[in-house]
$ cat work-v2.cif   # mmCIF, C-alpha atoms
data_work
#
loop_
_atom_site.group_PDB
_atom_site.id
_atom_site.type_symbol
_atom_site.label_atom_id
_atom_site.label_comp_id
_atom_site.auth_asym_id
_atom_site.auth_seq_id
_atom_site.Cartn_x
_atom_site.Cartn_y
_atom_site.Cartn_z
ATOM 1 C CA GLY A 119 -2.814 -23.226 11.434
ATOM 2 C CA PRO A 120 -6.581 -22.932 12.142
ATOM 3 C CA GLY A 121 -6.106 -24.344 15.645
ATOM 4 C CA THR A 122 -3.547 -21.698 16.507
ATOM 5 C CA LYS A 123 -5.775 -18.932 15.132
ATOM 6 C CA ARG A 124 -8.786 -20.251 17.059
ATOM 7 C CA LYS A 125 -6.721 -20.370 20.228
ATOM 8 C CA ALA A 126 -5.573 -16.782 19.647
ATOM 9 C CA TYR A 127 -9.154 -15.715 19.134
ATOM 10 C CA LEU A 128 -10.397 -17.474 22.285
ATOM 11 C CA VAL A 129 -7.640 -15.761 24.254
ATOM 12 C CA LEU A 130 -8.851 -12.451 22.832
ATOM 13 C CA VAL A 131 -12.356 -13.170 24.094
ATOM 14 C CA LEU A 132 -11.034 -14.225 27.474
ATOM 15 C CA ALA A 133 -8.961 -11.060 27.677
ATOM 16 C CA LEU A 134 -12.174 -9.091 27.353
ATOM 17 C CA SER A 135 -14.260 -11.069 29.830
ATOM 18 C CA ASP A 136 -11.836 -12.639 32.323
ATOM 19 C CA THR A 137 -12.952 -11.647 35.847
ATOM 20 C CA SER A 138 -9.443 -12.231 37.142
ATOM 21 C CA ALA A 139 -7.874 -9.658 34.859
ATOM 22 C CA ALA A 140 -6.421 -7.313 37.459
ATOM 23 C CA PHE A 141 -4.811 -3.910 37.143
ATOM 24 C CA PHE A 142 -2.983 -1.913 39.804
ATOM 25 C CA TYR A 143 -5.170 1.121 40.103
ATOM 26 C CA HIS A 144 -4.836 4.061 42.494
ATOM 27 C CA GLY A 145 -2.812 1.956 44.934
ATOM 28 C CA THR A 146 -5.379 -0.855 44.950
ATOM 29 C CA THR A 147 -5.724 -3.984 42.833
ATOM 30 C CA HIS A 148 -9.140 -4.143 41.187
ATOM 31 C CA ALA A 149 -10.653 -7.009 39.218
ATOM 32 C CA PHE A 150 -11.514 -5.113 36.053
ATOM 33 C CA ARG A 151 -14.238 -6.280 33.698
ATOM 34 C CA PRO A 152 -14.884 -3.906 30.788
ATOM 35 C CA GLN A 153 -18.501 -5.072 30.661
ATOM 36 C CA SER A 154 -19.125 -4.178 34.310
ATOM 37 C CA SER A 155 -20.944 -0.849 34.292
ATOM 38 C CA ALA A 156 -21.191 -0.882 38.097
ATOM 39 C CA LEU A 157 -17.419 -1.169 38.471
ATOM 40 C CA LEU A 158 -16.851 1.524 35.889
ATOM 41 C CA ALA A 159 -19.252 3.820 37.707
ATOM 42 C CA SER A 160 -17.436 3.169 40.977
ATOM 43 C CA ILE A 161 -14.056 3.882 39.423
ATOM 44 C CA LYS A 162 -15.325 7.045 37.743
ATOM 45 C CA SER A 163 -16.724 8.383 40.995
ATOM 46 C CA THR A 164 -13.422 8.063 42.860
ATOM 47 C CA SER A 165 -10.836 8.664 40.160
ATOM 48 C CA SER A 166 -9.483 11.290 37.831
ATOM 49 C CA SER A 167 -9.808 11.107 34.064
ATOM 50 C CA SER A 168 -6.077 10.423 33.756
ATOM 51 C CA ASP A 169 -6.451 7.431 36.079
ATOM 52 C CA LEU A 170 -9.322 6.126 33.982
ATOM 53 C CA GLN A 171 -7.270 6.523 30.816
ATOM 54 C CA GLU A 172 -4.464 4.557 32.414
ATOM 55 C CA VAL A 173 -6.820 1.713 33.340
ATOM 56 C CA LYS A 174 -8.283 1.731 29.844
ATOM 57 C CA ARG A 175 -4.826 1.756 28.281
ATOM 58 C CA ASN A 176 -3.650 -1.124 30.457
ATOM 59 C CA HIS A 177 -6.684 -3.144 29.517
ATOM 60 C CA ARG A 178 -6.217 -2.404 25.814
ATOM 61 C CA ILE A 179 -2.567 -3.456 26.050
ATOM 62 C CA SER A 180 -3.736 -6.708 27.623
ATOM 63 C CA LEU A 181 -6.140 -7.200 24.734
ATOM 64 C CA LEU A 182 -3.459 -6.540 22.111
ATOM 65 C CA CYS A 183 -0.932 -8.787 23.810
ATOM 66 C CA LYS A 184 -3.099 -11.723 24.884
ATOM 67 C CA GLY A 185 -5.628 -11.657 22.094
ATOM 68 C CA ILE A 186 -3.541 -10.749 19.057
ATOM 69 C CA GLY A 187 -0.047 -11.726 20.130
ATOM 70 C CA MET A 188 1.740 -8.392 20.268
ATOM 71 C CA ALA A 189 4.742 -7.913 22.484
ATOM 72 C CA GLU A 190 4.039 -5.456 25.296
ATOM 73 C CA ASP A 191 6.504 -2.869 24.012
ATOM 74 C CA GLN A 192 4.968 -3.216 20.552
ATOM 75 C CA ALA A 193 1.479 -2.625 21.970
ATOM 76 C CA ASN A 194 2.678 0.429 23.890
ATOM 77 C CA LYS A 195 4.322 1.897 20.796
ATOM 78 C CA LEU A 196 1.174 1.263 18.780
ATOM 79 C CA LEU A 197 -1.026 3.046 21.335
ATOM 80 C CA ASP A 198 1.435 5.943 21.486
ATOM 81 C CA LYS A 199 1.329 6.238 17.722
ATOM 82 C CA ARG A 200 -2.371 5.431 17.302
ATOM 83 C CA PRO A 201 -4.188 6.612 20.482
ATOM 84 C CA GLN A 202 -7.514 6.295 18.662
ATOM 85 C CA LEU A 203 -7.302 2.564 19.375
ATOM 86 C CA LEU A 204 -8.429 3.381 22.899
ATOM 87 C CA ARG A 205 -11.732 4.698 21.567
ATOM 88 C CA TYR A 206 -12.768 1.730 19.477
ATOM 89 C CA SER A 207 -15.425 -0.698 20.655
ATOM 90 C CA GLU A 208 -13.921 -3.893 22.020
ATOM 91 C CA THR A 209 -16.868 -5.872 20.706
ATOM 92 C CA LYS A 210 -16.160 -4.544 17.225
ATOM 93 C CA MET A 211 -12.463 -5.307 17.656
ATOM 94 C CA ILE A 212 -13.335 -8.928 18.458
ATOM 95 C CA LYS A 213 -15.519 -9.232 15.373
ATOM 96 C CA THR A 214 -12.926 -7.550 13.172
ATOM 97 C CA THR A 215 -10.185 -9.831 14.471
ATOM 98 C CA ASP A 216 -12.390 -12.863 13.852
ATOM 99 C CA PHE A 217 -13.013 -11.697 10.276
ATOM 100 C CA PHE A 218 -9.373 -11.156 9.359
ATOM 101 C CA PHE A 219 -8.120 -14.309 11.077
ATOM 102 C CA PHE A 220 -10.729 -16.799 9.908
ATOM 103 C CA GLU A 221 -12.351 -15.422 6.758
ATOM 104 C CA ILE A 222 -9.374 -13.652 5.226
ATOM 105 C CA GLY A 223 -6.743 -15.950 6.694
ATOM 106 C CA LEU A 224 -4.240 -13.334 7.798
ATOM 107 C CA SER A 225 -1.390 -14.539 9.959
ATOM 108 C CA LYS A 226 -0.738 -12.913 13.312
ATOM 109 C CA GLU A 227 2.183 -11.008 11.786
ATOM 110 C CA GLU A 228 0.110 -9.787 8.839
ATOM 111 C CA TYR A 229 -2.714 -8.669 11.097
ATOM 112 C CA ILE A 230 -0.423 -6.788 13.465
ATOM 113 C CA LYS A 231 1.231 -5.060 10.510
ATOM 114 C CA MET A 232 -2.155 -4.119 9.070
ATOM 115 C CA ILE A 233 -3.628 -2.615 12.235
ATOM 116 C CA SER A 234 -0.350 -0.826 12.924
ATOM 117 C CA LEU A 235 -0.530 0.724 9.477
ATOM 118 C CA TYR A 236 -4.244 1.486 9.544
ATOM 119 C CA PRO A 237 -5.975 1.020 12.923
ATOM 120 C CA ASN A 238 -9.045 2.773 11.530
ATOM 121 C CA VAL A 239 -10.009 -0.600 10.099
ATOM 122 C CA PHE A 240 -11.714 -1.180 13.470
ATOM 123 C CA MET A 241 -14.135 1.631 12.629
ATOM 124 C CA TYR A 242 -15.874 -0.270 9.861
ATOM 125 C CA SER A 243 -18.654 -2.803 9.987
ATOM 126 C CA VAL A 244 -17.647 -6.321 8.999
ATOM 127 C CA ASP A 245 -20.990 -6.940 7.302
ATOM 128 C CA LYS A 246 -21.454 -3.560 5.632
ATOM 129 C CA ARG A 247 -17.893 -2.636 4.671
ATOM 130 C CA LEU A 248 -15.085 -5.146 5.277
ATOM 131 C CA ARG A 249 -16.661 -8.281 3.819
ATOM 132 C CA PRO A 250 -18.232 -6.523 0.766
ATOM 133 C CA THR A 251 -14.893 -4.857 -0.059
ATOM 134 C CA VAL A 252 -13.024 -8.150 -0.017
ATOM 135 C CA ALA A 253 -15.767 -9.791 -2.086
ATOM 136 C CA PHE A 254 -15.540 -6.963 -4.642
ATOM 137 C CA PHE A 255 -11.838 -7.504 -5.313
ATOM 138 C CA ARG A 256 -11.957 -11.290 -5.045
ATOM 139 C CA ASP A 257 -15.170 -12.097 -6.909
ATOM 140 C CA GLU A 258 -16.167 -9.083 -8.962
ATOM 141 C CA ILE A 259 -12.742 -7.871 -10.079
ATOM 142 C CA GLY A 260 -11.239 -11.353 -9.997
ATOM 143 C CA SER A 261 -7.951 -10.398 -8.355
ATOM 144 C CA SER A 262 -5.970 -13.361 -7.083
ATOM 145 C CA LYS A 263 -4.162 -10.993 -4.698
ATOM 146 C CA TRP A 264 -7.252 -9.875 -2.758
ATOM 147 C CA LYS A 265 -5.658 -10.977 0.522
ATOM 148 C CA TRP A 266 -2.517 -8.943 -0.239
ATOM 149 C CA ILE A 267 -4.678 -5.939 -1.125
ATOM 150 C CA ALA A 268 -6.469 -6.116 2.226
ATOM 151 C CA CYS A 269 -3.211 -6.503 4.141
ATOM 152 C CA ARG A 270 -0.996 -4.057 2.244
ATOM 153 C CA TYR A 271 -3.609 -1.374 1.481
ATOM 154 C CA PRO A 272 -6.128 -1.542 4.358
ATOM 155 C CA GLN A 273 -7.172 2.058 3.608
ATOM 156 C CA ILE A 274 -9.157 0.513 0.764
ATOM 157 C CA PHE A 275 -11.777 -0.241 3.434
ATOM 158 C CA SER A 276 -12.426 3.473 3.865
ATOM 159 C CA HIS A 277 -14.067 3.523 0.430
ATOM 160 C CA SER A 278 -17.570 2.290 -0.304
ATOM 161 C CA VAL A 279 -17.981 -0.395 -2.937
ATOM 162 C CA ASP A 280 -21.127 1.238 -4.347
ATOM 163 C CA ILE A 281 -20.008 4.873 -4.126
ATOM 164 C CA THR A 282 -16.309 4.628 -5.036
ATOM 165 C CA LEU A 283 -14.849 1.242 -5.953
ATOM 166 C CA ARG A 284 -17.372 -0.095 -8.462
ATOM 167 C CA PRO A 285 -17.810 3.259 -10.267
ATOM 168 C CA ARG A 286 -14.014 3.596 -10.461
ATOM 169 C CA ALA A 287 -13.768 0.138 -12.014
ATOM 170 C CA SER A 288 -16.309 1.171 -14.670
ATOM 171 C CA PHE A 289 -14.378 4.407 -15.256
ATOM 172 C CA MET A 290 -11.123 2.531 -15.844
ATOM 173 C CA ILE A 291 -12.736 0.020 -18.165
ATOM 174 C CA GLU A 292 -14.186 2.855 -20.248
ATOM 175 C CA SER A 293 -11.279 5.333 -20.153
ATOM 176 C CA LEU A 294 -8.551 2.728 -20.724
ATOM 177 C CA GLY A 295 -10.567 0.717 -23.194
ATOM 178 C CA LEU A 296 -9.980 -2.455 -21.214
ATOM 179 C CA GLU A 297 -11.181 -5.426 -23.172
ATOM 180 C CA ARG A 298 -10.549 -8.171 -20.642
ATOM 181 C CA ARG A 299 -11.642 -8.569 -17.039
ATOM 182 C CA ALA A 300 -8.135 -9.852 -16.352
ATOM 183 C CA ASP A 301 -6.679 -6.436 -17.225
ATOM 184 C CA LEU A 302 -8.625 -4.790 -14.417
ATOM 185 C CA ALA A 303 -7.563 -7.588 -12.078
ATOM 186 C CA HIS A 304 -3.921 -6.939 -12.990
ATOM 187 C CA ILE A 305 -4.299 -3.232 -12.242
ATOM 188 C CA ALA A 306 -5.982 -3.949 -8.899
ATOM 189 C CA SER A 307 -3.325 -6.487 -7.946
ATOM 190 C CA LYS A 308 -0.404 -4.185 -8.746
ATOM 191 C CA PHE A 309 -1.651 -0.781 -7.615
ATOM 192 C CA PRO A 310 -4.931 -0.720 -5.631
ATOM 193 C CA PRO A 311 -4.760 3.075 -4.979
ATOM 194 C CA VAL A 312 -5.896 3.608 -8.553
ATOM 195 C CA PHE A 313 -9.346 2.773 -7.210
ATOM 196 C CA TRP A 314 -9.452 5.928 -5.113
ATOM 197 C CA LEU A 315 -7.286 8.414 -7.030
ATOM 198 C CA PRO A 316 -9.362 11.326 -8.393
ATOM 199 C CA GLU A 317 -10.535 10.698 -11.946
ATOM 200 C CA CYS A 318 -9.225 14.081 -13.117
ATOM 201 C CA ASN A 319 -5.812 13.125 -11.742
ATOM 202 C CA ILE A 320 -5.788 9.884 -13.732
ATOM 203 C CA LEU A 321 -7.058 11.500 -16.933
ATOM 204 C CA SER A 322 -4.432 14.263 -16.896
ATOM 205 C CA LYS A 323 -1.595 11.732 -16.624
ATOM 206 C CA MET A 324 -3.054 9.539 -19.345
ATOM 207 C CA ALA A 325 -3.388 12.519 -21.670
ATOM 208 C CA TYR A 326 0.182 13.651 -21.005
ATOM 209 C CA LEU A 327 1.696 10.196 -21.563
ATOM 210 C CA LYS A 328 -0.257 9.668 -24.749
ATOM 211 C CA GLU A 329 0.823 13.002 -26.211
ATOM 212 C CA ALA A 330 4.430 13.132 -24.979
ATOM 213 C CA LEU A 331 5.255 9.580 -26.061
ATOM 214 C CA GLU A 332 2.956 9.483 -29.099
ATOM 215 C CA LEU A 333 1.214 6.390 -27.775
ATOM 216 C CA SER A 334 -1.776 4.794 -29.418
ATOM 217 C CA THR A 335 -4.746 3.897 -27.225
ATOM 218 C CA SER A 336 -3.697 0.246 -27.151
ATOM 219 C CA GLU A 337 -0.091 1.168 -26.305
ATOM 220 C CA LEU A 338 -1.248 3.398 -23.454
ATOM 221 C CA ARG A 339 -3.449 0.590 -22.190
ATOM 222 C CA ASN A 340 -0.469 -1.806 -22.243
ATOM 223 C CA VAL A 341 1.659 0.650 -20.251
ATOM 224 C CA LEU A 342 -1.006 1.139 -17.589
ATOM 225 C CA VAL A 343 -1.893 -2.550 -17.282
ATOM 226 C CA THR A 344 1.789 -3.494 -17.064
ATOM 227 C CA PHE A 345 2.725 -0.724 -14.623
ATOM 228 C CA PRO A 346 -0.348 1.023 -13.155
ATOM 229 C CA GLN A 347 1.943 2.560 -10.506
ATOM 230 C CA VAL A 348 2.711 5.226 -13.103
ATOM 231 C CA LEU A 349 -0.680 6.737 -12.254
ATOM 232 C CA GLY A 350 0.523 7.308 -8.714
ATOM 233 C CA LEU A 351 3.422 9.490 -9.858
ATOM 234 C CA SER A 352 3.157 13.259 -9.773
ATOM 235 C CA LEU A 353 2.721 14.776 -13.213
ATOM 236 C CA GLU A 354 4.615 17.959 -12.337
ATOM 237 C CA LYS A 355 7.303 16.464 -10.079
ATOM 238 C CA ASN A 356 7.946 13.078 -11.712
ATOM 239 C CA LEU A 357 6.529 12.310 -15.134
ATOM 240 C CA GLN A 358 7.063 15.596 -16.912
ATOM 241 C CA PRO A 359 10.621 16.341 -15.646
ATOM 242 C CA THR A 360 11.766 12.771 -16.345
ATOM 243 C CA ILE A 361 10.389 12.646 -19.877
ATOM 244 C CA GLU A 362 11.726 16.116 -20.690
ATOM 245 C CA PHE A 363 15.197 15.128 -19.442
ATOM 246 C CA LEU A 364 15.233 11.907 -21.442
ATOM 247 C CA LEU A 365 14.331 13.855 -24.603
ATOM 248 C CA SER A 366 16.572 16.894 -24.067
ATOM 249 C CA GLU A 367 20.063 17.549 -25.473
ATOM 250 C CA ASP A 368 21.325 18.091 -21.935
ATOM 251 C CA GLY A 369 19.861 14.750 -20.946
ATOM 252 C CA ALA A 370 19.636 11.396 -22.700
ATOM 253 C CA GLU A 371 19.170 12.954 -26.176
ATOM 254 C CA LEU A 372 16.560 10.396 -27.138
ATOM 255 C CA ASP A 373 14.026 11.046 -29.832
ATOM 256 C CA VAL A 374 10.407 10.187 -29.109
ATOM 257 C CA LYS A 375 10.640 6.904 -31.025
ATOM 258 C CA TYR A 376 13.436 5.577 -28.817
ATOM 259 C CA LEU A 377 11.884 6.814 -25.583
ATOM 260 C CA LYS A 378 8.597 5.223 -26.555
ATOM 261 C CA TYR A 379 10.427 1.928 -27.110
ATOM 262 C CA PHE A 380 12.092 2.141 -23.677
ATOM 263 C CA VAL A 381 8.816 2.929 -21.894
ATOM 264 C CA LEU A 382 6.860 0.218 -23.671
ATOM 265 C CA TYR A 383 9.597 -2.288 -22.834
ATOM 266 C CA GLN A 384 9.831 -1.223 -19.187
ATOM 267 C CA PRO A 385 7.263 1.361 -18.035
ATOM 268 C CA ALA A 386 8.921 1.403 -14.607
ATOM 269 C CA LEU A 387 11.638 3.556 -16.204
ATOM 270 C CA LEU A 388 9.432 6.574 -15.486
ATOM 271 C CA ALA A 389 9.291 5.781 -11.772
ATOM 272 C CA TYR A 390 13.018 5.847 -11.049
ATOM 273 C CA SER A 391 14.376 8.928 -9.323
ATOM 274 C CA LEU A 392 15.527 11.523 -11.832
ATOM 275 C CA ASP A 393 18.026 13.101 -9.446
ATOM 276 C CA ASN A 394 19.308 9.971 -7.728
ATOM 277 C CA ARG A 395 19.422 7.462 -10.576
ATOM 278 C CA ILE A 396 18.485 8.537 -14.096
ATOM 279 C CA ARG A 397 20.474 11.772 -14.416
ATOM 280 C CA PRO A 398 23.673 10.529 -12.682
ATOM 281 C CA ARG A 399 23.799 7.342 -14.751
ATOM 282 C CA ILE A 400 23.195 9.065 -18.047
ATOM 283 C CA ARG A 401 25.889 11.632 -17.277
ATOM 284 C CA ARG A 402 28.351 8.840 -16.525
ATOM 285 C CA MET A 403 27.399 7.072 -19.742
ATOM 286 C CA LYS A 404 27.818 10.231 -21.797
ATOM 287 C CA ALA A 405 31.188 10.901 -20.172
ATOM 288 C CA SER A 406 32.255 7.435 -21.350
ATOM 289 C CA GLY A 407 30.930 8.057 -24.867
ATOM 290 C CA ILE A 408 28.004 5.654 -24.489
ATOM 291 C CA SER A 409 24.592 6.595 -25.851
ATOM 292 C CA PHE A 410 21.600 5.770 -23.679
ATOM 293 C CA ALA A 411 19.736 4.856 -26.867
ATOM 294 C CA TYR A 412 21.975 1.811 -27.312
ATOM 295 C CA SER A 413 22.032 0.679 -23.702
ATOM 296 C CA PRO A 414 19.942 -2.252 -22.414
ATOM 297 C CA PRO A 415 16.310 -1.127 -22.032
ATOM 298 C CA THR A 416 16.371 -2.240 -18.396
ATOM 299 C CA ILE A 417 19.569 -0.363 -17.537
ATOM 300 C CA MET A 418 17.889 1.818 -14.911
ATOM 301 C CA SER A 419 16.707 -1.250 -13.008
ATOM 302 C CA TYR A 420 20.275 -2.438 -12.462
ATOM 303 C CA THR A 421 21.649 -2.189 -8.946
ATOM 304 C CA ASN A 422 24.468 0.307 -8.499
ATOM 305 C CA ASN A 423 27.031 -2.476 -8.478
ATOM 306 C CA ALA A 424 25.559 -4.089 -11.586
ATOM 307 C CA PHE A 425 25.527 -0.744 -13.381
ATOM 308 C CA ASP A 426 29.168 -0.078 -12.434
ATOM 309 C CA GLU A 427 30.181 -3.493 -13.768
ATOM 310 C CA TRP A 428 28.229 -2.969 -16.986
ATOM 311 C CA LEU A 429 29.775 0.447 -17.555
ATOM 312 C CA GLU A 430 33.256 -0.907 -16.893
ATOM 313 C CA ASP A 431 32.684 -3.752 -19.357
ATOM 314 C CA GLN A 432 31.600 -1.270 -22.049
ATOM 315 C CA THR A 433 34.692 0.904 -21.687
ATOM 316 C CA ALA A 434 37.251 -1.851 -21.068
ATOM 317 C CA SER A 435 37.129 -3.310 -24.585
ATOM 318 C CA TRP A 436 37.240 -0.116 -26.632
ATOM 319 C CA SER A 437 38.241 3.500 -26.451
ATOM 320 C CA ILE A 438 36.271 6.425 -27.821
ATOM 321 C CA SER A 439 39.549 7.812 -29.182
ATOM 322 C CA ASP A 440 40.243 4.740 -31.327
#

$ encode --input "work-v2.cif" --output "structure tokens"
Amino acid sequence: GPGTKRKAYLVLVLALSDTSAAFFYHGTTHAFRPQSSALLASIKSTSSSSDLQEVKRNHRISLLCKGIGMAEDQANKLLDKRPQLLRYSETKMIKTTDFFFFEIGLSKEEYIKMISLYPNVFMYSVDKRLRPTVAFFRDEIGSSKWKWIACRYPQIFSHSVDITLRPRASFMIESLGLERRADLAHIASKFPPVFWLPECNILSKMAYLKEALELSTSELRNVLVTFPQVLGLSLEKNLQPTIEFLLSEDGAELDVKYLKYFVLYQPALLAYSLDNRIRPRIRRMKASGISFAYSPPTIMSYTNNAFDEWLEDQTASWSISD
């Protein structure tokens, strides 16, 4: 609750200013205050750079453990993986922690996961970057999942609202013909990376889908609003090979009309692995004399066990030789 978060934050402040915070350094125990320039100067004059790094690392581990609630081994692993955390301003780290705990309402677990995924979040100004980005998705776009966006895709904070995010929103409204603000909110809530993918990348995939599946503008819009993740798939490695297989005689032998129906019903069909799911299942169906065109439109979303049971049910009641 708020009391727990406030306590965690006060501990973070104390971890930065506590005069009794001691570290075993060069065989001697020193009271180490990061704000004490005199102490730092004394340490620098008598110690090697590796010793100084060790002191700094120990202090940063104390900050991560006492202030944020990380386990010590977790903090060590994070610093091993993300050594840039040693370079960030502690004052900025305090302000950033305050922002995510109290304004955004992240739990300790969510915050630890976020900074582990993207520690560069400490680079950005709360007032000039973090708060305006959250406000953009929450108030301007109207996404109800703005907290999830911040936690799951913290790299969104590397993009300026004025230079990247707002212009990309206008681009999507125009290129997709979005008629409702809610449509843009749905796209943001399901696949935030669409706000930083190159426009040429998005346009090439839209053009391919529209032509290959003979989609109208409104049908294309429905696909992208329902499953914007399709824009994150590679055109050459995912979309094109999958669609070609589903249309080919060696594959699912669908005509465009049937494939269009399947994609409109469940656009996620295009995201399943061609080699690990789509091709093996269709080959098994064909070997049993079952046409993919007459299978449930969500057949590729079945678990392996569910698919096995479905296939067994189809072949148990009739024989292709009858």

$ resolve_selection --input "work-v2.cif" --expression "the PyMOL selection byres ((chain A and resi 194) around 12)" --output "list in words"
Glu172, Arg175, Asn176, His177, Arg178, Ile179, Ser180, Leu181, Leu182, Cys183, Met188, Ala189, Glu190, Asp191, Gln192, Ala193, Lys195, Leu196, Leu197, Asp198, Lys199, Arg200, Pro201, Leu203, Leu204 and Ser234 of chain A

$ residues_around --input "work-v2.cif" --residues "Phe289 in chain A" --least-positions-apart "4" --cutoff "12 Å" --atoms "all atoms listed in the file" --output "number ranges by chain"
A: 282-285, 293-296, 302, 312-318, 320-321

$ write_last_selection --input "work-v2.cif" --atoms "C-alpha atoms" --output "PDB file, keeping the file's coordinate frame"
ATOM      1  CA  THR A 282     -16.309   4.628  -5.036  1.00  0.00           C
ATOM      2  CA  LEU A 283     -14.849   1.242  -5.953  1.00  0.00           C
ATOM      3  CA  ARG A 284     -17.372  -0.095  -8.462  1.00  0.00           C
ATOM      4  CA  PRO A 285     -17.810   3.259 -10.267  1.00  0.00           C
ATOM      5  CA  SER A 293     -11.279   5.333 -20.153  1.00  0.00           C
ATOM      6  CA  LEU A 294      -8.551   2.728 -20.724  1.00  0.00           C
ATOM      7  CA  GLY A 295     -10.567   0.717 -23.194  1.00  0.00           C
ATOM      8  CA  LEU A 296      -9.980  -2.455 -21.214  1.00  0.00           C
ATOM      9  CA  LEU A 302      -8.625  -4.790 -14.417  1.00  0.00           C
ATOM     10  CA  VAL A 312      -5.896   3.608  -8.553  1.00  0.00           C
ATOM     11  CA  PHE A 313      -9.346   2.773  -7.210  1.00  0.00           C
ATOM     12  CA  TRP A 314      -9.452   5.928  -5.113  1.00  0.00           C
ATOM     13  CA  LEU A 315      -7.286   8.414  -7.030  1.00  0.00           C
ATOM     14  CA  PRO A 316      -9.362  11.326  -8.393  1.00  0.00           C
ATOM     15  CA  GLU A 317     -10.535  10.698 -11.946  1.00  0.00           C
ATOM     16  CA  CYS A 318      -9.225  14.081 -13.117  1.00  0.00           C
ATOM     17  CA  ILE A 320      -5.788   9.884 -13.732  1.00  0.00           C
ATOM     18  CA  LEU A 321      -7.058  11.500 -16.933  1.00  0.00           C
TER      19      LEU A 321
END

$ atom_distance --input "work-v2.cif" --atom1 "CA of Tyr206 in chain A" --atom2 "CA of Val244 in chain A"
14.1 Å

$ residues_around --input "work-v2.cif" --residues "Lys213 in chain A" --least-positions-apart "3" --cutoff "12 Å" --atoms "only C-alpha atoms" --output "MDAnalysis selection string"
chainID A and resid 127:128 130:131 207:210 216:221 239:245 248:249

$ closest_residue --input "work-v2.cif" --among "A:Thr344, A:Arg205, A:Asp280, A:Lys174" --to "Tyr383 in chain A" --atoms "only C-alpha atoms"
A:Thr344

$ resolve_selection --input "work-v2.cif" --expression "the PyMOL selection byres ((chain A and resi 358) around 12)" --output "PDB file with C-alpha atoms, in the coordinates of the input"
ATOM      1  CA  SER A 322      -4.432  14.263 -16.896  1.00  0.00           C
ATOM      2  CA  LYS A 323      -1.595  11.732 -16.624  1.00  0.00           C
ATOM      3  CA  ALA A 325      -3.388  12.519 -21.670  1.00  0.00           C
ATOM      4  CA  TYR A 326       0.182  13.651 -21.005  1.00  0.00           C
ATOM      5  CA  LEU A 327       1.696  10.196 -21.563  1.00  0.00           C
ATOM      6  CA  GLU A 329       0.823  13.002 -26.211  1.00  0.00           C
ATOM      7  CA  ALA A 330       4.430  13.132 -24.979  1.00  0.00           C
ATOM      8  CA  LEU A 331       5.255   9.580 -26.061  1.00  0.00           C
ATOM      9  CA  VAL A 348       2.711   5.226 -13.103  1.00  0.00           C
ATOM     10  CA  LEU A 351       3.422   9.490  -9.858  1.00  0.00           C
ATOM     11  CA  SER A 352       3.157  13.259  -9.773  1.00  0.00           C
ATOM     12  CA  LEU A 353       2.721  14.776 -13.213  1.00  0.00           C
ATOM     13  CA  GLU A 354       4.615  17.959 -12.337  1.00  0.00           C
ATOM     14  CA  LYS A 355       7.303  16.464 -10.079  1.00  0.00           C
ATOM     15  CA  ASN A 356       7.946  13.078 -11.712  1.00  0.00           C
ATOM     16  CA  LEU A 357       6.529  12.310 -15.134  1.00  0.00           C
ATOM     17  CA  PRO A 359      10.621  16.341 -15.646  1.00  0.00           C
ATOM     18  CA  THR A 360      11.766  12.771 -16.345  1.00  0.00           C
ATOM     19  CA  ILE A 361      10.389  12.646 -19.877  1.00  0.00           C
ATOM     20  CA  GLU A 362      11.726  16.116 -20.690  1.00  0.00           C
ATOM     21  CA  PHE A 363      15.197  15.128 -19.442  1.00  0.00           C
ATOM     22  CA  LEU A 364      15.233  11.907 -21.442  1.00  0.00           C
ATOM     23  CA  LEU A 365      14.331  13.855 -24.603  1.00  0.00           C
ATOM     24  CA  SER A 366      16.572  16.894 -24.067  1.00  0.00           C
ATOM     25  CA  LEU A 388       9.432   6.574 -15.486  1.00  0.00           C
ATOM     26  CA  ALA A 389       9.291   5.781 -11.772  1.00  0.00           C
ATOM     27  CA  LEU A 392      15.527  11.523 -11.832  1.00  0.00           C
TER      28      LEU A 392
END

$ atom_distance --input "work-v2.cif" --atom1 "CA of Pro385 in chain A" --atom2 "CA of Leu342 in chain A"
8.3 Å

$ closest_atom_pairs --input "work-v2.cif" --of "range 294-371 of chain A" --to "range 251-267 of chain A" --cutoff "12 Å" --atoms "only C-alpha atoms" --output "JSON lines"
{"residue": "A:Arg298", "atom": "CA", "partner": "A:Ile259", "partner_atom": "CA", "distance": 10.8}
{"residue": "A:Arg299", "atom": "CA", "partner": "A:Ile259", "partner_atom": "CA", "distance": 7.1}
{"residue": "A:Ala300", "atom": "CA", "partner": "A:Gly260", "partner_atom": "CA", "distance": 7.2}
{"residue": "A:Asp301", "atom": "CA", "partner": "A:Ile259", "partner_atom": "CA", "distance": 9.5}
{"residue": "A:Leu302", "atom": "CA", "partner": "A:Ile259", "partner_atom": "CA", "distance": 6.7}
{"residue": "A:Ala303", "atom": "CA", "partner": "A:Ser261", "partner_atom": "CA", "distance": 4.7}
{"residue": "A:His304", "atom": "CA", "partner": "A:Ser261", "partner_atom": "CA", "distance": 7.0}
{"residue": "A:Ile305", "atom": "CA", "partner": "A:Ser261", "partner_atom": "CA", "distance": 8.9}
{"residue": "A:Ala306", "atom": "CA", "partner": "A:Ser261", "partner_atom": "CA", "distance": 6.8}
{"residue": "A:Ser307", "atom": "CA", "partner": "A:Lys263", "partner_atom": "CA", "distance": 5.6}
{"residue": "A:Lys308", "atom": "CA", "partner": "A:Lys263", "partner_atom": "CA", "distance": 8.8}
{"residue": "A:Phe309", "atom": "CA", "partner": "A:Ile267", "partner_atom": "CA", "distance": 8.8}
{"residue": "A:Pro310", "atom": "CA", "partner": "A:Ile267", "partner_atom": "CA", "distance": 6.9}
{"residue": "A:Pro311", "atom": "CA", "partner": "A:Ile267", "partner_atom": "CA", "distance": 9.8}
{"residue": "A:Phe313", "atom": "CA", "partner": "A:Phe255", "partner_atom": "CA", "distance": 10.7}
